[in-house]
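These notes are about the structure you will find just below.
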Amino acid sequence: MYKQTVRRRRAVLALLVALSLTLLTAYFGEPAGGALHALQRGVLQVLAPIQEGAGVALKPVRDLAGWFGDTLHARSERDELLRERDALRQEVISNESAVADNQRLRRLLDLDRAGISAYQPVTATVIGRSPTVWYSTLTIDRGRVDGVRVDQPVISGDGLVGKITAVSHGAAQVTLITDHTSGVSARVVAPGANDRANGVYGVVQTAVGNPQDLLLNFVSRTSQLSRSDRVVTAGSRSSRLESLFPAGIPIGVVTRVDDEELSQYQRVHIRPFADLQRLNFVQVLTRPAVAPAARAQSP
Amino acid sequence: MTLSPQLLGRLALLSLAAGLLQIAAVSQVSVLGVRADLTPLVVMSVGLLCGSVAGALVGFGVGLFIDTALLQTLGISSLILLIVGYGAGRLRELRDPAHALTPVAVGAAGTAVAALGFSFVQFLLGVDAPVSLLLIREMLATIVLNALLAMPVYALVRRVLLPLLPGDPRRRRRRAYMTGGLSPISRA
């Protein structure tokens with residue numbers, strides 16, 4: 001009897017481990033349109049309304065927990081905001097003349113004059129979130145029926161959030177810019193009329209485990225960057241290889257620059273503008289990133 | 001321990017509810033920048049209450065549900081959570097811990113196994129981005145938060161499964177105390 005119990009226990013364990021490894025291997029090897037991926041999308045479609053309902057029902061609990069966290073952070077945040085306000089006040093004065101220049105240059109370049117609204121943003125509610133730090137993904141309540149497609153950019157009121165990586169009928173998965181598979185071409189915009197850092201390009205990647213720290217890689221050591229320089233999406237730099245993201249979407253602000261002696265590039269640390277930890281609503285830009293007529297040429 | 005159809009049904013419902021609660025609510029609540037992960041706690045609780053086979057089955061089921069619902073690589077969470085459930089179940093079968101704080105220790109250990117296992121598998125599959133040392137801090141904070149939540153989660157799971165459990169450690173302990181330790185340990 002005892003031996004039978006032991007045999008059964010070991011058999012169950014071996015079977016489940018083998019099943020997990022088989023699933024892992026099959027999933028990893030199949031393309032995005034494969035059977036297991038399709039099964040996942042089907043399950044997501046079924047679960048999306050349930051998740052949405054559960055999300056609405058449990059919103060008071062989330063808000064209560066958020067309130068405690070907000071209260072604890074409020075004091076330090078207030079001091080930081082006061083400092084930021086003073087700095088921005090000075091910046092606004094110097095920016096006024098730059099705005100006029102900027103508008104003239106934009107007209108010359110025939111870039112996006114209509115702003116984000118030209119990309120037909122679809123507002124979505126966040127209904128799910130991955131529990132691990134390895135998968136920085138969200139589930140939203142808009143899907144194929146709303147015009148959402150894979151690779152479309154996702155933004156919040158503060159800046160770039162990520163892109164769509166999977167879509168079902170009424171829901172979609174957003175991979176955040178803090179996911180380790182994410183990469184966004186970006187350029188630096190220095191505050192004021194100072195063009196010291198303007199025109200510096202790089203690729204924004206994440207540092208796994210720290211959602212408040214993005215890295216701007218492939219920035220030449222000769223580029224002079226400093227704290228408070230803004231980083232925005234670079235958009236298309238070539239008519240042949242379009243970027244997924246429209247140009248000019250804010251990504252974050254430079255917090256630190258590591259100049260590594262042995263490296264050809266410097267590593268620039270960025271704090272994202274969007275609070276990726278507490279997203280409730282996002283917008284999906286459902287039109288192509290750059291209209292053919294408005295493509296910018298390579299710099 | 002024999003798994004009756006009623007117990008299996010209740011375990012399936014429990015797994016589904018735990019997965020949904022984790023995805024729709026708990027994952028979206030940040031306590032001082034850290035998110036709790038209920039799944040290893042639920043799996044650990046089932047392992048401690050029902051044994052290794054039930055723990056492994058629930059771990060596999062919850063993991064598969066999470067991976068499927070969140071469009072993650074299938075099999076990773078299943079593999080890790082089944083190890084957590086099986087380990088907790090074996091602990092019960094070999095040591096039969098009856099201390100009131102056992103769920104806290106096992107919950108913290110289960111969360112640590114889940115977090116480290118997940119990272120290990122991710123490294124095996126390849127990581128394109130640099131890894132921050134803050135990942136370790138995040139893991140430790142999650143383990144502490146989960147340890148704090150382990151008791152209420154265990155109590156809730158125990159309450160759900162209690163009518164179908166032949167031998168609950170706390171009841172056994174109480175019975176053994178009252179009868180001078182002459183009570184049979186388990187009917188299973």
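Labels for the structure tokens follow display order: chains A, B, ..., residues from 1 in each chain, ligands from 1.
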### Message
I need the contact residues of chain B against chain A, so if you could list those with any atom within 9 Å, counting only C-alpha atoms, and return them as number ranges by chain, that would help.
### Response
B: 1, 20-33, 35-37, 52-53, 56-57, 60, 64, 66-79, 82-83, 86, 115, 118-119, 122, 125, 127-139
### Query
Hey, what's within 7 Å of Thr255 (chain A) if we count only C-alpha atoms and toss same-chain stuff fewer than 5 positions away? As a list in words, please?
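Near Thr255 (chain A), the qualifying residues are Arg227, Ser228, His269, Ile270 and Arg271 of chain A.
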### Summary
With distances taken over only C-alpha atoms, the candidate from A:Gln152, A:Thr71, A:Thr125, A:Gln90 nearest Leu285 (chain A) is A:Gln152
#### Entry: Those of region 21-84 of chain B in DSSP helix (DSSP H, G or I), formatted as a PyMOL selection string
chain B and resi 21-24+26-28+38-50+52-69+76-84
